[in-house]
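Trainee: Got a structure for you, written out below as structure tokens; questions coming shortly.
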Amino acid sequence: MRDYSIRVASPDDLDGARALMLDTVYRDFGTGYVPRWHADIIDPATAYLAPPRHTLLVALDPRDGGVVATAALDARGPAHPPNPRHLAERYPCGETAQLRRVYVRPEHRRRGLARRLVDELLAFAVADGGYRAVYLHTDPKVPGAEGFWRSLGKVVHDEREEPDGSNGVVHFEIPMER
């Protein structure tokens with residue numbers, strides 16, 4: 001594995017982080033930018049750098065210092081809608097650390113970056129002292145996403161099992177300390 005550096009994003013990292021996130025929602029998700037879902041991508045400073053209980057991490061390529069992976073955490077639980085009501089109640093805002101934007105450029109995948117980033121986010125959540133749970137949701141159509149999250153946590157709701165299939169999203173809880 002290359003010697004990637006992982007750090008809390010600085011304002012100088014935001015253009016690279018934003019580009020990686022937008023590339024991911026277009027390439028991997030196939031949705032493109034959807035303002036109601038992705039506003040934090042356009043303004044990551046407000047979403048992750050300003051609030052003290054939020055963070056955005058970046059992984060940098062040792063060759064050129066470019067952002068090759070991102071991972072974020074905020075204190076917003078899953079909103080209802082679009083998420084099921086029982087999840088919004090189980091994972092309330094302020095008490096829930098929600099993992100977001102754990103994205104790795106395709107050519108840098110399978111090198112342990114996502115796992116290292118998640119470990120850093122979990123340490124941040126524990127150090128905060130106010131979070132009682134770590135939650136995330138993922139689109140299982142993204143290659144490798146569901147298997148990765150299953151290796152770290154437990155499924156708390158699989159929308160594919162609903163009669164209408166809903167959005168097909170899989171919701172996870174990750175143990176705060178592993």
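The way I read the labels, and the way they are meant: chains A, B, ... in the order of the structure tokens, residue 1 as the first residue of every chain, and ligand 1 as the first ligand shown, with later ones counted on from there.
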Need the shell around Glu89 (chain A): protein/DNA/RNA residues with any atom at most 10 Å away, counting only C-alpha atoms. Skip same-chain ones fewer than 3 positions apart. Format as a list in words?
Mentor: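 Using only C-alpha atoms, the neighbours found are Gly77, Pro78, Ala79, His80, Pro84, Arg85, His86, Pro92 and Cys93 of chain A.
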Trainee: Taking 6 positions as the minimum chain separation for residues in the same chain, which residues sit within 9 Å of Asp13 (chain A) when counting only C-alpha atoms? Answer as a list in words.
Mentor: Val58, Gly66 and Val67 of chain A
Trainee: Pull the strand (DSSP E) assignments for region 73-162 of chain A out of DSSP run on the backbone, and list those residues as a list of chain:residue names.
Mentor: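 Strand (DSSP E) members of region 73-162 of chain A, listed: A:Leu73, A:Asp74, A:Thr96, A:Ala97, A:Gln98, A:Leu99, A:Arg100, A:Arg101, A:Val102, A:Tyr103, A:Val104, A:Ala133, A:Val134, A:Tyr135, A:Leu136, A:His137, A:Thr138, A:Lys154, A:Val155, A:Val156, A:His157, A:Asp158.
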Trainee: How about saving the chosen residues, N, CA, C and O atoms kept, as a PDB file, in the first residue's frame?
Mentor:
ATOM      1  N   LEU A  73     -18.272  13.039   8.707  1.00  0.00           N
ATOM      2  CA  LEU A  73     -19.140  12.675   9.826  1.00  0.00           C
ATOM      3  C   LEU A  73     -19.862  13.939  10.244  1.00  0.00           C
ATOM      4  O   LEU A  73     -19.271  15.019  10.303  1.00  0.00           O
ATOM      5  N   ASP A  74     -21.166  13.794  10.489  1.00  0.00           N
ATOM      6  CA  ASP A  74     -21.919  14.916  11.037  1.00  0.00           C
ATOM      7  C   ASP A  74     -22.906  14.421  12.085  1.00  0.00           C
ATOM      8  O   ASP A  74     -23.065  13.210  12.276  1.00  0.00           O
ATOM      9  N   THR A  96     -26.529  11.071  17.100  1.00  0.00           N
ATOM     10  CA  THR A  96     -26.087  10.121  16.078  1.00  0.00           C
ATOM     11  C   THR A  96     -24.972  10.717  15.247  1.00  0.00           C
ATOM     12  O   THR A  96     -25.103  11.823  14.722  1.00  0.00           O
ATOM     13  N   ALA A  97     -23.873   9.989  15.131  1.00  0.00           N
ATOM     14  CA  ALA A  97     -22.803  10.350  14.206  1.00  0.00           C
ATOM     15  C   ALA A  97     -23.123   9.648  12.890  1.00  0.00           C
ATOM     16  O   ALA A  97     -23.128   8.426  12.830  1.00  0.00           O
ATOM     17  N   GLN A  98     -23.429  10.431  11.879  1.00  0.00           N
ATOM     18  CA  GLN A  98     -23.720   9.830  10.575  1.00  0.00           C
ATOM     19  C   GLN A  98     -22.486   9.918   9.694  1.00  0.00           C
ATOM     20  O   GLN A  98     -21.909  10.996   9.518  1.00  0.00           O
ATOM     21  N   LEU A  99     -22.071   8.766   9.176  1.00  0.00           N
ATOM     22  CA  LEU A  99     -20.950   8.722   8.248  1.00  0.00           C
ATOM     23  C   LEU A  99     -21.469   9.071   6.865  1.00  0.00           C
ATOM     24  O   LEU A  99     -22.508   8.569   6.433  1.00  0.00           O
ATOM     25  N   ARG A 100     -20.714   9.904   6.179  1.00  0.00           N
ATOM     26  CA  ARG A 100     -21.107  10.353   4.843  1.00  0.00           C
ATOM     27  C   ARG A 100     -19.876  10.439   3.951  1.00  0.00           C
ATOM     28  O   ARG A 100     -18.759  10.585   4.424  1.00  0.00           O
ATOM     29  N   ARG A 101     -20.120  10.401   2.679  1.00  0.00           N
ATOM     30  CA  ARG A 101     -19.104  10.704   1.661  1.00  0.00           C
ATOM     31  C   ARG A 101     -17.815   9.913   1.821  1.00  0.00           C
ATOM     32  O   ARG A 101     -16.724  10.444   1.640  1.00  0.00           O
ATOM     33  N   VAL A 102     -17.955   8.631   2.157  1.00  0.00           N
ATOM     34  CA  VAL A 102     -16.784   7.750   2.203  1.00  0.00           C
ATOM     35  C   VAL A 102     -16.561   7.284   0.761  1.00  0.00           C
ATOM     36  O   VAL A 102     -17.169   6.309   0.313  1.00  0.00           O
ATOM     37  N   TYR A 103     -15.746   8.034   0.057  1.00  0.00           N
ATOM     38  CA  TYR A 103     -15.529   7.828  -1.371  1.00  0.00           C
ATOM     39  C   TYR A 103     -14.035   7.695  -1.648  1.00  0.00           C
ATOM     40  O   TYR A 103     -13.231   8.463  -1.107  1.00  0.00           O
ATOM     41  N   VAL A 104     -13.693   6.764  -2.521  1.00  0.00           N
ATOM     42  CA  VAL A 104     -12.296   6.552  -2.915  1.00  0.00           C
ATOM     43  C   VAL A 104     -12.254   6.500  -4.443  1.00  0.00           C
ATOM     44  O   VAL A 104     -13.052   5.797  -5.074  1.00  0.00           O
ATOM     45  N   ALA A 133     -24.508   6.568  18.876  1.00  0.00           N
ATOM     46  CA  ALA A 133     -24.566   5.587  17.787  1.00  0.00           C
ATOM     47  C   ALA A 133     -23.900   6.163  16.543  1.00  0.00           C
ATOM     48  O   ALA A 133     -23.815   7.382  16.376  1.00  0.00           O
ATOM     49  N   VAL A 134     -23.429   5.250  15.687  1.00  0.00           N
ATOM     50  CA  VAL A 134     -22.881   5.624  14.383  1.00  0.00           C
ATOM     51  C   VAL A 134     -23.751   4.955  13.327  1.00  0.00           C
ATOM     52  O   VAL A 134     -23.943   3.738  13.347  1.00  0.00           O
ATOM     53  N   TYR A 135     -24.269   5.749  12.427  1.00  0.00           N
ATOM     54  CA  TYR A 135     -25.228   5.314  11.412  1.00  0.00           C
ATOM     55  C   TYR A 135     -24.714   5.713  10.036  1.00  0.00           C
ATOM     56  O   TYR A 135     -24.004   6.707   9.884  1.00  0.00           O
ATOM     57  N   LEU A 136     -25.113   4.940   9.035  1.00  0.00           N
ATOM     58  CA  LEU A 136     -24.914   5.328   7.639  1.00  0.00           C
ATOM     59  C   LEU A 136     -25.880   4.547   6.767  1.00  0.00           C
ATOM     60  O   LEU A 136     -26.456   3.543   7.198  1.00  0.00           O
ATOM     61  N   HIS A 137     -26.056   5.040   5.573  1.00  0.00           N
ATOM     62  CA  HIS A 137     -26.809   4.272   4.581  1.00  0.00           C
ATOM     63  C   HIS A 137     -25.977   4.243   3.302  1.00  0.00           C
ATOM     64  O   HIS A 137     -25.146   5.115   3.075  1.00  0.00           O
ATOM     65  N   THR A 138     -26.211   3.203   2.525  1.00  0.00           N
ATOM     66  CA  THR A 138     -25.448   3.060   1.289  1.00  0.00           C
ATOM     67  C   THR A 138     -26.339   2.533   0.179  1.00  0.00           C
ATOM     68  O   THR A 138     -27.354   1.886   0.428  1.00  0.00           O
ATOM     69  N   LYS A 154     -23.616  -3.689  11.250  1.00  0.00           N
ATOM     70  CA  LYS A 154     -24.784  -4.551  11.074  1.00  0.00           C
ATOM     71  C   LYS A 154     -25.875  -3.791  10.337  1.00  0.00           C
ATOM     72  O   LYS A 154     -26.058  -2.580  10.513  1.00  0.00           O
ATOM     73  N   VAL A 155     -26.592  -4.524   9.510  1.00  0.00           N
ATOM     74  CA  VAL A 155     -27.727  -3.952   8.791  1.00  0.00           C
ATOM     75  C   VAL A 155     -28.853  -3.734   9.791  1.00  0.00           C
ATOM     76  O   VAL A 155     -29.211  -4.631  10.546  1.00  0.00           O
ATOM     77  N   VAL A 156     -29.411  -2.519   9.787  1.00  0.00           N
ATOM     78  CA  VAL A 156     -30.557  -2.233  10.647  1.00  0.00           C
ATOM     79  C   VAL A 156     -31.839  -2.088   9.837  1.00  0.00           C
ATOM     80  O   VAL A 156     -32.932  -2.136  10.398  1.00  0.00           O
ATOM     81  N   HIS A 157     -31.689  -1.928   8.527  1.00  0.00           N
ATOM     82  CA  HIS A 157     -32.866  -1.887   7.646  1.00  0.00           C
ATOM     83  C   HIS A 157     -32.397  -2.014   6.204  1.00  0.00           C
ATOM     84  O   HIS A 157     -31.477  -1.320   5.780  1.00  0.00           O
ATOM     85  N   ASP A 158     -33.050  -2.898   5.470  1.00  0.00           N
ATOM     86  CA  ASP A 158     -32.738  -3.099   4.048  1.00  0.00           C
ATOM     87  C   ASP A 158     -34.000  -2.776   3.259  1.00  0.00           C
ATOM     88  O   ASP A 158     -34.968  -3.530   3.287  1.00  0.00           O
TER      89      ASP A 158
END
Trainee: Need to verify the contact set: region 29-41 of chain A, 7 Å, only C-alpha atoms, exclusion of same-chain residues closer than 6 positions in sequence. Can you return it as a PDB file with N, CA and C atoms, in the first residue's frame?
Mentor:
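Dumped everything to result_25.pdb:
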ATOM      1  N   ARG A  18     -14.333  18.162  -3.254  1.00  0.00           N
ATOM      2  CA  ARG A  18     -15.584  18.398  -3.991  1.00  0.00           C
ATOM      3  C   ARG A  18     -15.550  17.697  -5.345  1.00  0.00           C
ATOM      4  N   MET A  21     -16.027  13.961  -4.833  1.00  0.00           N
ATOM      5  CA  MET A  21     -17.414  13.655  -4.460  1.00  0.00           C
ATOM      6  C   MET A  21     -18.351  13.771  -5.657  1.00  0.00           C
ATOM      7  N   LEU A  22     -18.194  14.824  -6.442  1.00  0.00           N
ATOM      8  CA  LEU A  22     -19.053  14.978  -7.625  1.00  0.00           C
ATOM      9  C   LEU A  22     -18.784  13.868  -8.636  1.00  0.00           C
ATOM     10  N   ALA A  47     -20.730  22.551   5.861  1.00  0.00           N
ATOM     11  CA  ALA A  47     -21.260  21.276   6.346  1.00  0.00           C
ATOM     12  C   ALA A  47     -20.329  20.581   7.327  1.00  0.00           C
ATOM     13  N   VAL A 142     -23.624   0.363  -5.795  1.00  0.00           N
ATOM     14  CA  VAL A 142     -22.248   0.840  -5.943  1.00  0.00           C
ATOM     15  C   VAL A 142     -21.314  -0.348  -5.698  1.00  0.00           C
TER      16      VAL A 142
END
Trainee: In Å, how far is it from CA of Leu49 (chain A) to CA of Gly147 (chain A)?
Mentor: 29.4 Å
Trainee: Rounded to one decimal in Å, what is the spacing between CA of Gly112 (chain A) and CA of Asp12 (chain A)?
Mentor: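 Interatomic distance here is 24.3 Å.
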Trainee: Residues of region 26-102 of chain A within 12 Å of region 159-168 of chain A: nearest atom pair and distance (Å, one decimal) for each, counting only C-alpha atoms, sorted by chain and number, as JSON lines?
Mentor:
{"residue": "A:Pro81", "atom": "CA", "partner": "A:Asn167", "partner_atom": "CA", "distance": 11.4}
{"residue": "A:Pro82", "atom": "CA", "partner": "A:Asn167", "partner_atom": "CA", "distance": 8.7}
{"residue": "A:Asn83", "atom": "CA", "partner": "A:Asn167", "partner_atom": "CA", "distance": 8.9}
{"residue": "A:Pro84", "atom": "CA", "partner": "A:Glu159", "partner_atom": "CA", "distance": 8.9}
{"residue": "A:Leu87", "atom": "CA", "partner": "A:Glu159", "partner_atom": "CA", "distance": 11.6}
Trainee: Would you mind exporting the chosen residues as an mmCIF file, in the first residue's frame, restricted to all heavy atoms?
Mentor:
data_model
loop_
_atom_site.group_PDB
_atom_site.id
_atom_site.type_symbol
_atom_site.label_atom_id
_atom_site.label_comp_id
_atom_site.auth_asym_id
_atom_site.auth_seq_id
_atom_site.Cartn_x
_atom_site.Cartn_y
_atom_site.Cartn_z
ATOM 1 N N PRO A 81 -39.050 12.212 5.625
ATOM 2 C CA PRO A 81 -38.521 11.370 4.565
ATOM 3 C C PRO A 81 -37.171 11.889 4.088
ATOM 4 O O PRO A 81 -36.806 12.971 4.476
ATOM 5 C CB PRO A 81 -39.600 11.483 3.487
ATOM 6 C CG PRO A 81 -40.247 12.823 3.721
ATOM 7 C CD PRO A 81 -40.117 13.096 5.183
ATOM 8 N N PRO A 82 -36.447 11.187 3.306
ATOM 9 C CA PRO A 82 -36.784 10.005 2.519
ATOM 10 C C PRO A 82 -36.563 8.689 3.266
ATOM 11 O O PRO A 82 -37.001 7.649 2.804
ATOM 12 C CB PRO A 82 -35.833 10.099 1.331
ATOM 13 C CG PRO A 82 -34.602 10.714 1.911
ATOM 14 C CD PRO A 82 -35.110 11.693 2.946
ATOM 15 N N ASN A 83 -35.877 8.721 4.411
ATOM 16 C CA ASN A 83 -35.601 7.485 5.134
ATOM 17 C C ASN A 83 -36.813 7.070 5.959
ATOM 18 O O ASN A 83 -37.640 7.906 6.321
ATOM 19 C CB ASN A 83 -34.376 7.686 6.034
ATOM 20 C CG ASN A 83 -33.144 8.032 5.240
ATOM 21 O OD1 ASN A 83 -32.683 7.234 4.441
ATOM 22 N ND2 ASN A 83 -32.627 9.231 5.428
ATOM 23 N N PRO A 84 -36.924 5.793 6.278
ATOM 24 C CA PRO A 84 -38.055 5.328 7.088
ATOM 25 C C PRO A 84 -38.115 6.037 8.445
ATOM 26 O O PRO A 84 -37.084 6.325 9.064
ATOM 27 C CB PRO A 84 -37.779 3.832 7.264
ATOM 28 C CG PRO A 84 -36.910 3.468 6.102
ATOM 29 C CD PRO A 84 -36.070 4.682 5.853
ATOM 30 N N LEU A 87 -36.171 4.750 11.525
ATOM 31 C CA LEU A 87 -34.731 5.026 11.575
ATOM 32 C C LEU A 87 -34.468 6.441 12.079
ATOM 33 O O LEU A 87 -33.541 6.659 12.864
ATOM 34 C CB LEU A 87 -34.093 4.818 10.208
ATOM 35 C CG LEU A 87 -34.032 3.368 9.738
ATOM 36 C CD1 LEU A 87 -33.509 3.291 8.314
ATOM 37 C CD2 LEU A 87 -33.185 2.526 10.676
#
Trainee: I need the residue nearest Asp64 (chain A) from this list: A:Arg27, A:Ser5, A:Pro44, A:Ala17. Use only C-alpha atoms for the distance.
Mentor: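 Using only C-alpha atoms, the shortest distance to Asp64 (chain A) belongs to A:Ser5.
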Trainee: Could you jot down the CA of Gly94 (chain A) to CA of His54 (chain A) separation for me, Å, one decimal place?
Mentor: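 Distance reported for this atom pair: 10.7 Å.
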Trainee: Can you check which residues of region 42-126 of chain A DSSP gives as alpha helix (DSSP H) on the backbone and send them as a list in words?
Mentor: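 Taking region 42-126 of chain A and keeping alpha helix (DSSP H) only, one gets Ile42, Pro44, Arg85, His86, Leu87, Ala88, Glu89, Arg90, Leu113, Ala114, Arg115, Arg116, Leu117, Val118, Asp119, Glu120, Leu121, Leu122, Ala123, Phe124, Ala125 and Val126 of chain A.
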Trainee: Just to be explicit: take each residue in the selection above, keep N, CA, C and O atoms, and write the result as a PDB file, in the first residue's frame.
Mentor:
ATOM      1  N   ILE A  42     -21.347  20.622  -2.379  1.00  0.00           N
ATOM      2  CA  ILE A  42     -21.069  21.937  -2.949  1.00  0.00           C
ATOM      3  C   ILE A  42     -20.446  22.862  -1.908  1.00  0.00           C
ATOM      4  O   ILE A  42     -19.566  23.649  -2.212  1.00  0.00           O
ATOM      5  N   PRO A  44     -18.774  22.037   1.398  1.00  0.00           N
ATOM      6  CA  PRO A  44     -18.267  21.202   2.487  1.00  0.00           C
ATOM      7  C   PRO A  44     -17.730  22.005   3.669  1.00  0.00           C
ATOM      8  O   PRO A  44     -17.723  21.513   4.799  1.00  0.00           O
ATOM      9  N   ARG A  85     -39.318   6.308   8.891  1.00  0.00           N
ATOM     10  CA  ARG A  85     -39.542   7.017  10.154  1.00  0.00           C
ATOM     11  C   ARG A  85     -38.853   6.334  11.334  1.00  0.00           C
ATOM     12  O   ARG A  85     -38.251   6.976  12.178  1.00  0.00           O
ATOM     13  N   HIS A  86     -38.931   4.997  11.393  1.00  0.00           N
ATOM     14  CA  HIS A  86     -38.349   4.300  12.543  1.00  0.00           C
ATOM     15  C   HIS A  86     -36.844   4.522  12.647  1.00  0.00           C
ATOM     16  O   HIS A  86     -36.285   4.524  13.744  1.00  0.00           O
ATOM     17  N   LEU A  87     -36.171   4.750  11.525  1.00  0.00           N
ATOM     18  CA  LEU A  87     -34.731   5.026  11.575  1.00  0.00           C
ATOM     19  C   LEU A  87     -34.468   6.441  12.079  1.00  0.00           C
ATOM     20  O   LEU A  87     -33.541   6.659  12.864  1.00  0.00           O
ATOM     21  N   ALA A  88     -35.283   7.397  11.647  1.00  0.00           N
ATOM     22  CA  ALA A  88     -35.136   8.767  12.139  1.00  0.00           C
ATOM     23  C   ALA A  88     -35.359   8.822  13.647  1.00  0.00           C
ATOM     24  O   ALA A  88     -34.675   9.567  14.359  1.00  0.00           O
ATOM     25  N   GLU A  89     -36.273   8.010  14.151  1.00  0.00           N
ATOM     26  CA  GLU A  89     -36.534   7.973  15.591  1.00  0.00           C
ATOM     27  C   GLU A  89     -35.417   7.244  16.347  1.00  0.00           C
ATOM     28  O   GLU A  89     -35.030   7.648  17.439  1.00  0.00           O
ATOM     29  N   ARG A  90     -34.897   6.187  15.759  1.00  0.00           N
ATOM     30  CA  ARG A  90     -33.842   5.404  16.409  1.00  0.00           C
ATOM     31  C   ARG A  90     -32.501   6.136  16.428  1.00  0.00           C
ATOM     32  O   ARG A  90     -31.704   5.964  17.353  1.00  0.00           O
ATOM     33  N   LEU A 113      -7.812   2.286   2.227  1.00  0.00           N
ATOM     34  CA  LEU A 113      -8.071   3.694   2.526  1.00  0.00           C
ATOM     35  C   LEU A 113      -9.416   3.911   3.207  1.00  0.00           C
ATOM     36  O   LEU A 113      -9.504   4.653   4.199  1.00  0.00           O
ATOM     37  N   ALA A 114     -10.473   3.317   2.691  1.00  0.00           N
ATOM     38  CA  ALA A 114     -11.801   3.522   3.279  1.00  0.00           C
ATOM     39  C   ALA A 114     -11.822   3.050   4.728  1.00  0.00           C
ATOM     40  O   ALA A 114     -12.352   3.731   5.608  1.00  0.00           O
ATOM     41  N   ARG A 115     -11.240   1.917   4.988  1.00  0.00           N
ATOM     42  CA  ARG A 115     -11.207   1.386   6.359  1.00  0.00           C
ATOM     43  C   ARG A 115     -10.421   2.322   7.283  1.00  0.00           C
ATOM     44  O   ARG A 115     -10.832   2.585   8.411  1.00  0.00           O
ATOM     45  N   ARG A 116      -9.298   2.820   6.820  1.00  0.00           N
ATOM     46  CA  ARG A 116      -8.521   3.768   7.637  1.00  0.00           C
ATOM     47  C   ARG A 116      -9.308   5.039   7.902  1.00  0.00           C
ATOM     48  O   ARG A 116      -9.302   5.564   9.028  1.00  0.00           O
ATOM     49  N   LEU A 117     -10.002   5.529   6.888  1.00  0.00           N
ATOM     50  CA  LEU A 117     -10.808   6.740   7.063  1.00  0.00           C
ATOM     51  C   LEU A 117     -11.938   6.503   8.064  1.00  0.00           C
ATOM     52  O   LEU A 117     -12.191   7.337   8.938  1.00  0.00           O
ATOM     53  N   VAL A 118     -12.613   5.364   7.948  1.00  0.00           N
ATOM     54  CA  VAL A 118     -13.701   5.052   8.873  1.00  0.00           C
ATOM     55  C   VAL A 118     -13.160   4.917  10.292  1.00  0.00           C
ATOM     56  O   VAL A 118     -13.777   5.419  11.246  1.00  0.00           O
ATOM     57  N   ASP A 119     -12.020   4.288  10.467  1.00  0.00           N
ATOM     58  CA  ASP A 119     -11.427   4.184  11.799  1.00  0.00           C
ATOM     59  C   ASP A 119     -11.177   5.571  12.399  1.00  0.00           C
ATOM     60  O   ASP A 119     -11.420   5.802  13.588  1.00  0.00           O
ATOM     61  N   GLU A 120     -10.694   6.487  11.583  1.00  0.00           N
ATOM     62  CA  GLU A 120     -10.467   7.866  12.052  1.00  0.00           C
ATOM     63  C   GLU A 120     -11.783   8.541  12.427  1.00  0.00           C
ATOM     64  O   GLU A 120     -11.855   9.267  13.426  1.00  0.00           O
ATOM     65  N   LEU A 121     -12.825   8.319  11.629  1.00  0.00           N
ATOM     66  CA  LEU A 121     -14.126   8.914  11.950  1.00  0.00           C
ATOM     67  C   LEU A 121     -14.690   8.342  13.244  1.00  0.00           C
ATOM     68  O   LEU A 121     -15.274   9.076  14.059  1.00  0.00           O
ATOM     69  N   LEU A 122     -14.526   7.033  13.444  1.00  0.00           N
ATOM     70  CA  LEU A 122     -15.012   6.422  14.686  1.00  0.00           C
ATOM     71  C   LEU A 122     -14.257   6.987  15.891  1.00  0.00           C
ATOM     72  O   LEU A 122     -14.869   7.253  16.939  1.00  0.00           O
ATOM     73  N   ALA A 123     -12.965   7.193  15.767  1.00  0.00           N
ATOM     74  CA  ALA A 123     -12.197   7.790  16.855  1.00  0.00           C
ATOM     75  C   ALA A 123     -12.687   9.207  17.144  1.00  0.00           C
ATOM     76  O   ALA A 123     -12.793   9.617  18.308  1.00  0.00           O
ATOM     77  N   PHE A 124     -13.022   9.943  16.112  1.00  0.00           N
ATOM     78  CA  PHE A 124     -13.562  11.296  16.272  1.00  0.00           C
ATOM     79  C   PHE A 124     -14.890  11.240  17.030  1.00  0.00           C
ATOM     80  O   PHE A 124     -15.125  12.032  17.947  1.00  0.00           O
ATOM     81  N   ALA A 125     -15.760  10.295  16.657  1.00  0.00           N
ATOM     82  CA  ALA A 125     -17.069  10.160  17.316  1.00  0.00           C
ATOM     83  C   ALA A 125     -16.907   9.812  18.789  1.00  0.00           C
ATOM     84  O   ALA A 125     -17.587  10.373  19.654  1.00  0.00           O
ATOM     85  N   VAL A 126     -16.002   8.894  19.095  1.00  0.00           N
ATOM     86  CA  VAL A 126     -15.764   8.503  20.486  1.00  0.00           C
ATOM     87  C   VAL A 126     -15.223   9.697  21.276  1.00  0.00           C
ATOM     88  O   VAL A 126     -15.674   9.980  22.390  1.00  0.00           O
TER      89      VAL A 126
END
Trainee: If you count only C-alpha atoms, which residues fall within 8 Å of Pro143 (chain A), apart from same-chain ones fewer than 3 positions away, as a PyMOL selection string?
Mentor: chain A and resi 28+140+146
Trainee: Please produce a file of the residues just selected, as a PDB file, in the first residue's frame, where the atoms kept are N, CA and C atoms.
Mentor:
ATOM      1  N   ASP A  28     -20.449   6.608  -9.988  1.00  0.00           N
ATOM      2  CA  ASP A  28     -20.844   5.415  -9.239  1.00  0.00           C
ATOM      3  C   ASP A  28     -22.340   5.360  -8.942  1.00  0.00           C
ATOM      4  N   PRO A 140     -26.553  -0.151  -2.456  1.00  0.00           N
ATOM      5  CA  PRO A 140     -25.876  -1.421  -2.729  1.00  0.00           C
ATOM      6  C   PRO A 140     -25.517  -1.631  -4.200  1.00  0.00           C
ATOM      7  N   GLU A 146     -21.770  -2.412  -0.339  1.00  0.00           N
ATOM      8  CA  GLU A 146     -22.514  -3.202   0.640  1.00  0.00           C
ATOM      9  C   GLU A 146     -21.598  -4.174   1.390  1.00  0.00           C
TER      10      GLU A 146
END
